[in-house]
file my_file_26.txt (compact mmCIF, C-alpha atoms)
# COMPACT_ATOMS: atom_id res chain seq x y z
CA MET S 849 105.71 139.75 138.95
CA VAL S 850 102.75 140.15 136.63
CA THR S 851 102.84 142.89 134.03
CA PRO S 852 100.34 145.78 134.19
CA LYS S 853 98.77 144.50 130.97
CA THR S 854 98.06 141.08 132.50
CA VAL S 855 96.61 142.75 135.59
CA GLU S 856 94.23 144.79 133.48
CA VAL S 857 93.14 141.84 131.37
CA THR S 858 92.54 139.51 134.31
CA VAL S 859 90.68 142.20 136.24
CA GLY S 860 88.53 142.74 133.16
CA VAL S 861 87.81 139.02 132.98
CA PHE S 862 87.00 138.95 136.69
CA VAL S 863 84.55 141.84 136.49
CA ALA S 864 82.95 140.35 133.36
CA LEU S 865 82.61 136.99 135.16
CA GLY S 866 80.98 138.68 138.13
CA PHE S 867 78.43 140.45 135.99
CA ALA S 868 77.83 137.29 133.98
CA ALA S 869 77.05 135.50 137.25
CA LEU S 870 74.64 138.27 138.25
CA PHE S 871 73.00 138.00 134.83
CA MET S 872 72.62 134.29 135.23
CA LEU S 873 71.05 134.78 138.65
CA ALA S 874 68.64 137.32 137.19
CA LEU S 875 67.65 135.40 134.07
CA LYS S 876 68.07 131.72 134.77
CA VAL S 877 67.40 131.63 138.52
CA SER S 878 64.83 134.33 139.15
CA GLY S 879 63.30 133.81 135.68
CA ILE S 880 62.81 137.49 134.96
CA SER S 881 62.45 136.71 131.25
CA GLN S 882 59.14 134.96 131.83
CA ILE S 883 57.51 137.37 134.25
CA GLY S 884 55.87 139.73 131.79
CA GLY S 885 52.93 139.86 134.20
CA ASP S 886 52.85 143.62 134.41
CA GLU S 887 51.73 143.92 130.81
CA GLY S 888 48.62 141.78 130.90
CA TYR S 889 45.07 142.85 131.55
CA ARG S 890 43.41 142.79 134.94
CA ILE S 891 40.28 140.92 135.93
CA SER S 892 38.82 140.45 139.38
CA ALA S 893 36.72 137.86 141.15
CA ARG S 894 34.90 137.65 144.49
CA PHE S 895 35.17 134.70 146.80
CA ASP S 896 33.52 133.87 150.14
CA ASN S 897 36.81 132.45 151.35
CA ILE S 898 40.18 132.32 149.64
CA GLY S 899 41.83 129.87 152.04
CA GLY S 900 45.60 130.15 151.74
CA LEU S 901 45.76 131.94 148.39
CA LYS S 902 48.64 134.41 148.16
CA VAL S 903 49.63 137.29 145.94
CA ARG S 904 51.68 136.00 142.96
CA ALA S 905 49.92 132.64 143.04
CA PRO S 906 49.42 131.21 139.55
CA VAL S 907 46.19 131.56 137.58
CA ALA S 908 45.77 128.48 135.41
CA LEU S 909 43.49 127.55 132.55
CA ALA S 910 43.36 123.81 131.84
CA GLY S 911 46.47 123.50 133.97
CA VAL S 912 48.47 126.02 131.95
CA ARG S 913 49.60 129.14 133.77
CA ILE S 914 48.18 132.18 132.02
CA GLY S 915 48.64 134.82 134.72
CA ARG S 916 49.16 135.59 138.36
CA VAL S 917 47.22 136.92 141.32
CA SER S 918 48.22 140.58 141.59
CA ALA S 919 46.27 141.76 144.63
CA ILE S 920 44.00 140.42 147.34
CA GLY S 921 41.59 142.62 149.28
CA ILE S 922 38.28 142.75 151.12
CA ASP S 923 35.09 144.41 149.95
CA PRO S 924 34.24 146.61 152.95
CA ARG S 925 30.46 146.27 152.46
CA THR S 926 29.90 142.62 151.59
CA PHE S 927 33.00 141.28 153.36
CA ASP S 928 33.83 139.17 150.36
CA ALA S 929 37.43 138.60 149.37
CA VAL S 930 38.27 140.42 146.14
CA VAL S 931 41.06 138.80 144.16
CA GLU S 932 42.63 140.73 141.33
CA MET S 933 44.44 138.78 138.63
CA ARG S 934 46.66 139.78 135.76
CA ILE S 935 46.19 137.65 132.68
CA GLU S 936 48.82 137.68 129.96
CA ARG S 937 47.91 139.73 126.93
CA ARG S 938 48.02 136.82 124.48
CA TYR S 939 45.19 135.00 126.29
CA ASP S 940 42.52 137.57 125.43
CA GLN S 941 39.90 135.15 124.13
CA LEU S 942 38.37 134.15 127.49
CA PRO S 943 34.54 134.26 127.46
CA VAL S 944 32.83 136.55 129.97
CA ASP S 945 31.10 133.66 131.73
CA THR S 946 34.43 132.06 132.67
CA SER S 947 34.31 130.67 136.21
CA ALA S 948 37.08 130.71 138.80
CA LYS S 949 37.86 128.12 141.46
CA ILE S 950 40.50 128.12 144.16
CA LEU S 951 42.31 124.81 143.86
CA THR S 952 45.24 123.13 145.53
CA SER S 953 48.10 121.64 143.56
CA GLY S 954 48.69 118.20 144.99
CA LEU S 955 47.76 117.15 148.48
CA LEU S 956 49.87 119.70 150.35
CA GLY S 957 50.75 122.04 147.54
CA GLU S 958 50.10 125.72 147.05
CA GLN S 959 46.74 127.14 146.23
CA TYR S 960 46.08 128.60 142.82
CA ILE S 961 43.14 129.85 140.80
CA GLY S 962 41.78 127.56 138.12
CA LEU S 963 39.67 129.15 135.38
CA GLU S 964 37.06 127.27 133.39
CA PRO S 965 35.90 128.95 130.22
CA GLY S 966 32.18 129.30 129.53
CA GLY S 967 30.46 129.59 126.17
CA ALA S 968 29.64 133.27 125.82
CA GLU S 969 30.49 135.25 122.70
CA GLN S 970 31.90 138.30 124.47
CA VAL S 971 35.41 138.11 125.91
CA LEU S 972 36.95 139.36 129.16
CA ALA S 973 38.72 142.69 129.05
CA GLU S 974 40.60 145.01 131.44
CA GLY S 975 38.59 145.41 134.65
CA SER S 976 36.10 142.60 134.01
CA ASN S 977 34.57 140.80 136.94
CA LEU S 978 34.14 137.03 137.13
CA ARG S 979 30.65 136.21 138.45
CA LEU S 980 30.92 132.46 138.90
CA THR S 981 33.35 131.57 141.63
CA GLN S 982 33.95 128.69 143.98
CA SER S 983 35.75 129.25 147.26
CA ALA S 984 38.66 127.35 148.66
CA LEU S 985 37.92 124.24 150.65
CA VAL S 986 38.78 124.91 154.28
CA LEU S 987 39.59 121.67 156.01
CA GLU S 988 38.17 122.71 159.40
CA ASN S 989 34.81 123.61 157.87
CA ILE S 990 34.57 120.29 156.06
CA ILE S 991 35.43 118.35 159.23
CA GLY S 992 32.92 120.50 161.12
CA GLN S 993 30.18 119.67 158.63
CA PHE S 994 31.11 116.03 158.70
CA LEU S 995 30.93 115.86 162.51
CA PHE S 996 27.66 117.78 162.49
CA SER S 997 26.04 115.40 160.03
CA LYS S 998 27.35 112.39 161.98
CA ALA S 999 25.90 113.82 165.18
CA ALA S 1000 22.56 114.44 163.46
CA GLU S 1001 22.58 110.84 162.16
CA GLY S 1002 23.27 109.47 165.64
CA LYS S 1003 20.45 111.51 167.11
CA SER S 1004 17.89 110.32 164.57
CA GLU S 1005 18.97 106.69 165.08
CA SER S 1006 18.67 106.87 168.85
CA GLY S 1007 15.30 108.63 168.53
CA ASN S 1008 13.75 105.84 166.42
CA PRO S 1009 13.23 102.95 168.83
CA MET J 1126 86.91 146.21 194.45
CA ILE J 1127 87.93 149.59 193.12
CA GLY J 1128 90.65 147.82 191.15
CA VAL J 1129 88.09 145.55 189.43
CA LEU J 1130 85.86 148.48 188.56
CA ALA J 1131 88.83 150.43 187.27
CA ALA J 1132 89.87 147.49 185.09
CA LEU J 1133 86.35 147.20 183.70
CA GLY J 1134 86.22 150.92 183.00
CA ARG J 1135 89.63 150.84 181.35
CA VAL J 1136 88.61 148.00 179.04
CA THR J 1137 85.33 149.72 178.14
CA LEU J 1138 87.05 153.04 177.47
CA ALA J 1139 89.73 151.40 175.35
CA ARG J 1140 87.13 149.51 173.29
CA THR J 1141 84.96 152.57 172.79
CA ALA J 1142 87.94 154.71 171.86
CA ARG J 1143 89.04 152.09 169.33
CA LEU J 1144 85.54 151.93 167.83
CA GLY J 1145 85.50 155.71 167.53
CA ARG J 1146 88.98 155.71 165.95
CA GLY J 1147 87.78 153.12 163.49
CA LEU J 1148 84.77 155.18 162.52
CA LEU J 1149 86.78 158.39 162.12
CA PHE J 1150 89.32 156.45 160.07
CA LEU J 1151 86.53 155.17 157.81
CA LEU J 1152 85.23 158.70 157.31
CA VAL J 1153 88.69 159.95 156.36
CA VAL J 1154 89.14 157.05 153.92
CA LEU J 1155 85.71 157.67 152.38
CA GLY J 1156 86.69 161.33 152.00
CA GLY J 1157 89.71 160.20 149.96
CA LEU J 1158 87.61 158.16 147.52
CA PRO J 1159 86.71 160.90 145.01
CA GLN J 1160 90.39 161.51 144.25
CA LEU J 1161 90.70 157.91 143.08
CA ALA J 1162 88.89 158.90 139.91
CA LEU J 1163 92.19 160.49 138.88
CA ARG J 1164 94.18 157.31 139.45
CA PRO J 1165 91.96 154.36 138.52
CA TYR J 1166 94.96 152.06 137.98
CA LEU J 1167 95.49 151.97 141.76
CA VAL J 1168 92.05 150.39 142.16
CA VAL J 1169 92.54 148.01 139.22
CA ARG J 1170 95.80 146.82 140.75
CA GLN J 1171 94.00 146.09 144.04
CA LEU J 1172 91.06 144.46 142.30
CA TYR J 1173 93.60 142.04 140.88
CA SER J 1174 95.05 141.10 144.25
CA VAL J 1175 91.79 140.91 146.25
CA GLY J 1176 89.41 139.83 143.48
CA VAL J 1177 91.15 137.85 140.76
CA LEU J 1178 93.43 135.99 143.15
CA SER J 1179 90.41 135.05 145.31
CA LEU J 1180 88.60 133.46 142.36
CA PRO J 1181 89.95 129.89 142.69
CA ILE J 1182 88.89 129.45 146.32
CA ILE J 1183 85.51 131.09 145.65
CA VAL J 1184 84.74 128.94 142.62
CA VAL J 1185 85.86 125.68 144.22
CA SER J 1186 84.04 126.36 147.52
CA GLY J 1187 80.90 127.48 145.68
CA LEU J 1188 80.87 124.30 143.64
CA PHE J 1189 81.22 122.05 146.65
CA VAL J 1190 78.74 123.96 148.82
CA GLY J 1191 76.19 123.70 146.01
CA MET J 1192 76.90 120.00 145.52
CA VAL J 1193 76.53 119.26 149.24
CA LEU J 1194 73.28 121.26 149.36
CA GLY J 1195 71.98 119.24 146.42
CA LEU J 1196 72.95 115.95 148.02
CA GLN J 1197 71.56 116.64 151.49
CA GLY J 1198 68.51 118.49 150.24
CA TYR J 1199 67.66 115.55 148.03
CA THR J 1200 67.99 113.10 150.92
CA THR J 1201 65.54 115.09 153.06
CA LEU J 1202 63.11 116.05 150.30
CA ALA J 1203 62.95 112.50 148.91
CA ASP J 1204 61.23 111.37 152.14
CA PHE J 1205 58.33 113.68 151.36
CA GLY J 1206 58.32 113.03 147.64
CA ALA J 1207 59.12 116.69 147.16
CA THR J 1208 62.31 116.45 145.14
CA GLU J 1209 60.88 118.97 142.68
CA SER J 1210 61.62 121.58 145.35
CA LEU J 1211 65.35 120.77 145.24
CA GLY J 1212 66.13 123.65 142.89
CA VAL J 1213 64.16 126.11 145.00
CA MET J 1214 65.90 124.99 148.16
CA VAL J 1215 69.40 125.18 146.69
CA ALA J 1216 68.78 128.52 144.97
CA LEU J 1217 67.05 130.27 147.86
CA SER J 1218 69.55 129.19 150.50
CA LEU J 1219 72.45 130.20 148.27
CA VAL J 1220 71.01 133.49 147.02
CA ARG J 1221 69.69 134.70 150.35
CA GLU J 1222 72.23 133.43 152.87
CA LEU J 1223 75.04 131.10 151.98
CA GLY J 1224 76.34 132.94 148.91
CA PRO J 1225 76.93 136.34 150.52
CA VAL J 1226 77.98 134.97 153.92
CA ILE J 1227 80.41 132.25 152.84
CA ALA J 1228 81.87 134.46 150.12
CA ALA J 1229 82.49 137.19 152.73
CA LEU J 1230 84.03 134.72 155.21
CA LEU J 1231 86.31 133.27 152.53
CA TYR J 1232 87.19 136.78 151.42
CA ALA J 1233 88.14 137.72 154.98
CA GLY J 1234 90.46 134.73 155.19
CA ARG J 1235 91.93 135.00 151.72
CA ALA J 1236 92.13 138.76 151.06
CA GLY J 1237 91.27 140.63 154.27
CA SER J 1238 94.11 139.06 156.22
CA ALA J 1239 96.52 139.94 153.40
CA LEU J 1240 95.32 143.56 153.44
CA THR J 1241 95.90 143.82 157.18
CA ALA J 1242 99.35 142.26 157.01
CA GLU J 1243 100.36 144.40 154.04
CA ILE J 1244 99.30 147.70 155.58
CA GLY J 1245 100.61 146.63 159.00
CA LEU J 1246 104.04 145.85 157.56
CA MET J 1247 104.04 149.16 155.68
CA LYS J 1248 103.44 150.86 158.99
CA ALA J 1249 106.04 148.79 160.87
CA THR J 1250 108.70 149.50 158.27
CA GLU J 1251 107.70 153.18 158.32
CA GLN J 1252 106.76 153.25 154.65
CA LEU J 1253 103.54 155.04 155.57
CA ALA J 1254 105.49 157.65 157.53
CA GLY J 1255 107.88 157.96 154.57
CA MET J 1256 105.00 158.64 152.22
CA ALA J 1257 103.64 161.27 154.56
CA MET J 1258 107.13 162.87 154.59
CA MET J 1259 106.97 163.12 150.80
CA ALA J 1260 103.59 164.84 151.08
CA VAL J 1261 101.80 161.74 149.74
CA ASP J 1262 98.78 161.02 151.90
CA PRO J 1263 99.08 157.29 152.74
CA ILE J 1264 95.36 157.05 153.43
CA ARG J 1265 94.49 158.27 149.95
CA ARG J 1266 97.32 156.47 148.20
CA VAL J 1267 97.36 153.13 150.06
CA VAL J 1268 94.18 152.64 152.06
CA ALA J 1269 91.41 154.15 149.92
CA PRO J 1270 92.09 152.09 146.75
CA ARG J 1271 92.19 148.89 148.78
CA LEU J 1272 88.89 149.68 150.49
CA LEU J 1273 87.17 150.60 147.22
CA ALA J 1274 88.49 147.56 145.36
CA GLY J 1275 87.36 145.30 148.20
CA VAL J 1276 83.86 146.79 148.38
CA PHE J 1277 83.57 146.27 144.64
CA ALA J 1278 85.05 142.77 144.64
CA VAL J 1279 82.96 141.14 147.37
CA PRO J 1280 79.54 141.38 145.60
CA LEU J 1281 81.12 140.09 142.38
CA LEU J 1282 82.70 137.18 144.24
CA ALA J 1283 79.38 136.46 145.99
CA ALA J 1284 77.56 136.45 142.65
CA ILE J 1285 80.11 134.04 141.18
CA PHE J 1286 79.92 131.86 144.31
CA THR J 1287 76.13 131.72 144.13
CA ALA J 1288 75.97 131.00 140.41
CA VAL J 1289 78.59 128.26 140.65
CA GLY J 1290 76.82 126.82 143.70
CA ILE J 1291 73.51 126.57 141.86
CA LEU J 1292 75.31 124.85 139.00
CA GLY J 1293 76.88 122.49 141.56
CA GLY J 1294 73.45 121.64 142.92
CA TYR J 1295 72.35 121.05 139.35
CA LEU J 1296 75.26 118.70 138.70
CA VAL J 1297 74.46 116.57 141.72
CA GLY J 1298 70.67 116.80 141.57
CA VAL J 1299 70.17 116.33 137.84
CA GLY J 1300 73.35 114.53 136.86
CA LEU J 1301 73.82 112.18 139.79
CA LEU J 1302 70.47 111.76 141.54
CA GLY J 1303 68.18 111.87 138.52
CA VAL J 1304 65.99 114.89 139.27
CA ASP J 1305 64.42 116.05 136.00
CA GLU J 1306 66.15 119.06 134.48
CA GLY J 1307 62.91 121.00 134.05
CA THR J 1308 61.79 120.34 137.62
CA TYR J 1309 65.11 121.70 138.85
CA TRP J 1310 64.87 125.04 137.04
CA ALA J 1311 61.14 125.76 136.67
CA PRO J 1312 60.06 125.95 140.36
CA MET J 1313 63.24 127.93 141.04
CA GLN J 1314 62.27 130.52 138.45
CA ALA J 1315 58.75 130.65 139.85
CA LYS J 1316 59.88 131.13 143.46
CA VAL J 1317 63.07 133.20 143.33
CA GLN J 1318 62.34 136.87 142.72
CA LEU J 1319 64.79 139.31 141.22
CA VAL J 1320 64.46 142.26 143.59
CA ARG J 1321 63.44 140.52 146.79
CA ASP J 1322 65.96 137.70 146.61
CA VAL J 1323 68.75 138.37 144.13
CA VAL J 1324 69.19 142.13 144.59
CA ASN J 1325 68.62 142.04 148.35
CA GLY J 1326 70.71 138.96 148.96
CA VAL J 1327 73.56 138.86 146.49
CA VAL J 1328 73.96 142.57 145.76
CA LEU J 1329 72.98 144.59 148.86
CA LYS J 1330 73.95 142.09 151.53
CA SER J 1331 77.36 141.37 150.10
CA ALA J 1332 78.01 145.06 149.44
CA ALA J 1333 77.41 145.64 153.17
CA PHE J 1334 79.64 142.67 154.01
CA GLY J 1335 82.29 143.98 151.64
CA LEU J 1336 82.32 147.38 153.31
CA VAL J 1337 82.54 145.88 156.80
CA ALA J 1338 85.15 143.26 155.90
CA ASN J 1339 87.45 145.74 154.17
CA TRP J 1340 86.92 148.44 156.76
CA ILE J 1341 87.98 146.07 159.53
CA ALA J 1342 90.91 144.74 157.48
CA VAL J 1343 92.41 148.12 156.58
CA PHE J 1344 91.74 149.61 160.01
CA GLU J 1345 93.38 146.70 161.84
CA GLY J 1346 96.38 147.10 159.56
CA TYR J 1347 96.56 150.85 159.97
CA ASP J 1348 96.05 150.69 163.75
CA THR J 1349 98.50 147.84 164.34
CA VAL J 1350 101.25 147.84 166.94
CA PRO J 1351 104.26 148.18 164.60
CA THR J 1352 106.08 145.01 165.62
CA ALA J 1353 106.20 141.50 164.18
CA GLU J 1354 103.97 140.28 166.98
CA GLY J 1355 101.60 143.22 166.59
CA ILE J 1356 101.10 142.49 162.89
CA GLY J 1357 100.37 138.86 163.66
CA ARG J 1358 97.79 139.83 166.24
CA ALA J 1359 96.22 142.44 164.00
CA THR J 1360 95.85 139.89 161.20
CA THR J 1361 94.20 137.37 163.49
CA ARG J 1362 91.93 140.03 164.92
CA ALA J 1363 90.94 141.21 161.46
CA VAL J 1364 89.79 137.73 160.41
CA VAL J 1365 88.02 136.99 163.71
CA ASN J 1366 86.30 140.36 163.93
CA THR J 1367 85.26 140.25 160.28
CA SER J 1368 83.75 136.80 160.69
CA LEU J 1369 81.81 137.85 163.78
CA ALA J 1370 80.69 141.11 162.21
CA VAL J 1371 79.55 139.39 158.99
CA LEU J 1372 77.56 136.75 160.85
CA GLY J 1373 75.97 139.29 163.19
CA LEU J 1374 75.21 141.71 160.39
CA ASP J 1375 73.75 138.85 158.35
CA PHE J 1376 71.18 138.19 161.06
CA ILE J 1377 70.18 141.85 161.20
CA LEU J 1378 69.99 142.20 157.41
CA THR J 1379 68.02 138.97 157.07
CA ALA J 1380 65.56 140.12 159.72
CA LEU J 1381 65.17 143.45 157.92
CA MET J 1382 64.94 142.04 154.38
CA PHE J 1383 63.10 138.76 154.79
CA GLY J 1384 61.77 138.98 158.33
CA GLY J 1385 58.20 139.77 157.36
CA ILE J 1386 57.89 136.82 155.01
call {"tool": "encode", "arguments": {"input": "my_file_26.txt", "output": "structure tokens"}}
result
Amino acid sequence: MVTPKTVEVTVGVFVALGFAALFMLALKVSGISQIGGDEGYRISARFDNIGGLKVRAPVALAGVRIGRVSAIGIDPRTFDAVVEMRIERRYDQLPVDTSAKILTSGLLGEQYIGLEPGGAEQVLAEGSNLRLTQSALVLENIIGQFLFSKAAEGKSESGNP
Amino acid sequence: MIGVLAALGRVTLARTARLGRGLLFLLVVLGGLPQLALRPYLVVRQLYSVGVLSLPIIVVSGLFVGMVLGLQGYTTLADFGATESLGVMVALSLVRELGPVIAALLYAGRAGSALTAEIGLMKATEQLAGMAMMAVDPIRRVVAPRLLAGVFAVPLLAAIFTAVGILGGYLVGVGLLGVDEGTYWAPMQAKVQLVRDVVNGVVLKSAAFGLVANWIAVFEGYDTVPTAEGIGRATTRAVVNTSLAVLGLDFILTALMFGGI
């Protein structure tokens, strides 16, 4: 029979182990230590088409993640997609003429926003709007254009003789 | 014909009555919980027998489940050149599903059955009636601490199971199969979210499983036919019903928590 003291100690160890496991899941697995996205400043950009971009997708500058997509919406008048991004506070030197592209990581990977800095003196701040944007490539549209141009080629060839 | 209908009705009535008894029993037990604040050592004692003594099986099973996930996940993902997703796959399947469910199933086999047998034997040997004679409420003294300790222990066990499982996947993936250490952890940290995955899966799900598993275990024990055979049947029924309830509840909770994604 175990003594009451042993019971208390082992139960204490058990509870501590359980909370340590929860801590590990929170810090090491869900990476809460590196979120910090709620503190950055917000900028927005308009795109004709965002393809498969999702909220929380990375925003990268030269391949380095500097923020995340925080919201995606539609402008009710122009029907453009409005993408709102949160950029980490320490990257506050981005010029105002920075351009944004929707890119795909790898052949089948996720879509993310790639920023390319311009050369202006002024820097982006909370609420700034990126003017220069390039939409996502939608595979069906590209194939459609390709078929259309092929068909046009064929027609002009058959019309010549 | 009438006989068949009568049999069907009898079975339905008996089942419904039992379900209602179970629910009323749970309410009475929950009503006895506040008084446990006066006697915390009762709960600590039970935490030892349902929690600490379940640790070996939880740790060993978690390790092997994680290792098998790492091994099989690698085999499938390697075909697509997507082994960098190994960490995400291991972590998400453990955090969302396997951790809470397997921990609850193991708990039902290791601790729930013991609870049923213990309370059933107390009833068969009229210890519960003896307590009631001495004006000690057996539900508050015997049942409530066991239920509370169990509800507290299952999420902790699930968290330990999940953490050990992810480490097991790490051992196999990084140590044995040569996945890069950074590519194991980094996509996992990018994909797994604290509230949506860890809190929903490991904490809320397993708290629900803990309540159901311990409710069934103590009720089967308390409601047992007080004979040797009755205790045996009650123990079997507790494990079977808990397993079914956990798996069914898991589907409902998953649909509610992650269904829209």
call {"tool": "residues_around", "arguments": {"input": "my_file_26.txt", "residues": "Leu1253 (chain J)", "least_positions_apart": "3", "cutoff": "12 Å", "atoms": "all atoms listed in the file", "output": "list in words"}}
result
Glu1243, Ile1244, Gly1245, Leu1246, Met1247, Lys1248, Ala1249, Thr1250, Met1256, Ala1257, Met1258, Met1259, Ala1260, Val1261, Asp1262, Pro1263, Ile1264, Arg1265, Arg1266, Val1267, Val1268, Gly1346, Tyr1347, Asp1348 and Pro1351 of chain J
call {"tool": "closest_residue", "arguments": {"input": "my_file_26.txt", "among": "S:Gly957, S:Gly967, S:Pro924, S:Asn897", "to": "Ala1207 (chain J)", "atoms": "only C-alpha atoms"}}
result
S:Gly957
call {"tool": "residues_around", "arguments": {"input": "my_file_26.txt", "residues": "Leu901 (chain S)", "least_positions_apart": "5", "cutoff": "9 Å", "atoms": "all atoms listed in the file", "output": "number ranges by chain"}}
result
S: 917, 920, 950, 958-961, 984
call {"tool": "closest_residue", "arguments": {"input": "my_file_26.txt", "among": "S:Phe862, S:Phe895, S:Phe927, S:Phe871", "to": "Val1323 (chain J)", "atoms": "all atoms listed in the file"}}
result
S:Phe871
call {"tool": "closest_residue", "arguments": {"input": "my_file_26.txt", "among": "J:Leu1369, J:Leu1196, J:Val1328, J:Val1299", "to": "chain S", "atoms": "all atoms listed in the file"}}
result
J:Val1328
call {"tool": "interface_residues", "arguments": {"input": "my_file_26.txt", "of": "chain J", "to": "chain S", "cutoff": "10 Å", "atoms": "only C-alpha atoms", "output": "PyMOL selection string"}}
result
chain J and resi 1166+1169-1174+1176-1178+1180+1207+1212-1213+1216-1217+1220+1277-1289+1291+1310-1324+1327-1328
call {"tool": "closest_residue", "arguments": {"input": "my_file_26.txt", "among": "J:Gly1298, J:Ser1331, J:Gly1255, J:Leu1374", "to": "Tyr1199 (chain J)", "atoms": "only C-alpha atoms"}}
result
J:Gly1298
call {"tool": "residues_around", "arguments": {"input": "my_file_26.txt", "residues": "Ala973 (chain S)", "least_positions_apart": "2", "cutoff": "12 Å", "atoms": "all atoms listed in the file", "output": "mmCIF file with C-alpha atoms, in the frame of the given file"}}
result
data_model
loop_
_atom_site.group_PDB
_atom_site.id
_atom_site.type_symbol
_atom_site.label_atom_id
_atom_site.label_comp_id
_atom_site.auth_asym_id
_atom_site.auth_seq_id
_atom_site.Cartn_x
_atom_site.Cartn_y
_atom_site.Cartn_z
ATOM 1 C CA GLY S 888 48.620 141.780 130.900
ATOM 2 C CA TYR S 889 45.070 142.850 131.550
ATOM 3 C CA ARG S 890 43.410 142.790 134.940
ATOM 4 C CA ILE S 891 40.280 140.920 135.930
ATOM 5 C CA SER S 892 38.820 140.450 139.380
ATOM 6 C CA MET S 933 44.440 138.780 138.630
ATOM 7 C CA ARG S 934 46.660 139.780 135.760
ATOM 8 C CA ILE S 935 46.190 137.650 132.680
ATOM 9 C CA GLU S 936 48.820 137.680 129.960
ATOM 10 C CA ARG S 937 47.910 139.730 126.930
ATOM 11 C CA ARG S 938 48.020 136.820 124.480
ATOM 12 C CA TYR S 939 45.190 135.000 126.290
ATOM 13 C CA ASP S 940 42.520 137.570 125.430
ATOM 14 C CA GLN S 941 39.900 135.150 124.130
ATOM 15 C CA LEU S 942 38.370 134.150 127.490
ATOM 16 C CA PRO S 943 34.540 134.260 127.460
ATOM 17 C CA VAL S 944 32.830 136.550 129.970
ATOM 18 C CA GLN S 970 31.900 138.300 124.470
ATOM 19 C CA VAL S 971 35.410 138.110 125.910
ATOM 20 C CA GLY S 975 38.590 145.410 134.650
ATOM 21 C CA SER S 976 36.100 142.600 134.010
ATOM 22 C CA ASN S 977 34.570 140.800 136.940
ATOM 23 C CA LEU S 978 34.140 137.030 137.130
#
call {"tool": "residues_around", "arguments": {"input": "my_file_26.txt", "residues": "Ser983 (chain S)", "least_positions_apart": "5", "cutoff": "9 Å", "atoms": "all atoms listed in the file", "output": "ChimeraX atom specification"}}
result
/S:894-899,948-951
call {"tool": "residues_around", "arguments": {"input": "my_file_26.txt", "residues": "Leu1302 (chain J)", "least_positions_apart": "2", "cutoff": "12 Å", "atoms": "all atoms listed in the file", "output": "VMD selection string"}}
result
chain J and resid 1192 1195 to 1200 1203 1208 1211 1294 to 1300 1304 to 1306 1309
call {"tool": "write_last_selection", "arguments": {"input": "my_file_26.txt", "atoms": "C-alpha atoms", "output": "mmCIF file, in the coordinates of the input"}}
result
data_model
loop_
_atom_site.group_PDB
_atom_site.id
_atom_site.type_symbol
_atom_site.label_atom_id
_atom_site.label_comp_id
_atom_site.auth_asym_id
_atom_site.auth_seq_id
_atom_site.Cartn_x
_atom_site.Cartn_y
_atom_site.Cartn_z
ATOM 1 C CA MET J 1192 76.900 120.000 145.520
ATOM 2 C CA GLY J 1195 71.980 119.240 146.420
ATOM 3 C CA LEU J 1196 72.950 115.950 148.020
ATOM 4 C CA GLN J 1197 71.560 116.640 151.490
ATOM 5 C CA GLY J 1198 68.510 118.490 150.240
ATOM 6 C CA TYR J 1199 67.660 115.550 148.030
ATOM 7 C CA THR J 1200 67.990 113.100 150.920
ATOM 8 C CA ALA J 1203 62.950 112.500 148.910
ATOM 9 C CA THR J 1208 62.310 116.450 145.140
ATOM 10 C CA LEU J 1211 65.350 120.770 145.240
ATOM 11 C CA GLY J 1294 73.450 121.640 142.920
ATOM 12 C CA TYR J 1295 72.350 121.050 139.350
ATOM 13 C CA LEU J 1296 75.260 118.700 138.700
ATOM 14 C CA VAL J 1297 74.460 116.570 141.720
ATOM 15 C CA GLY J 1298 70.670 116.800 141.570
ATOM 16 C CA VAL J 1299 70.170 116.330 137.840
ATOM 17 C CA GLY J 1300 73.350 114.530 136.860
ATOM 18 C CA VAL J 1304 65.990 114.890 139.270
ATOM 19 C CA ASP J 1305 64.420 116.050 136.000
ATOM 20 C CA GLU J 1306 66.150 119.060 134.480
ATOM 21 C CA TYR J 1309 65.110 121.700 138.850
#
call {"tool": "atom_distance", "arguments": {"input": "my_file_26.txt", "atom1": "CA of Gly1293 (chain J)", "atom2": "CA of Leu1194 (chain J)"}}
result
8.7 Å
call {"tool": "atom_distance", "arguments": {"input": "my_file_26.txt", "atom1": "CA of Thr1141 (chain J)", "atom2": "CA of Ala1228 (chain J)"}}
result
29.2 Å
call {"tool": "atom_distance", "arguments": {"input": "my_file_26.txt", "atom1": "CA of Val1371 (chain J)", "atom2": "CA of Phe1334 (chain J)"}}
result
6.0 Å
call {"tool": "closest_residue", "arguments": {"input": "my_file_26.txt", "among": "J:Gly1307, J:Gly1357, J:Gly1224, J:Pro1270", "to": "Thr1241 (chain J)", "atoms": "all atoms listed in the file"}}
result
J:Gly1357
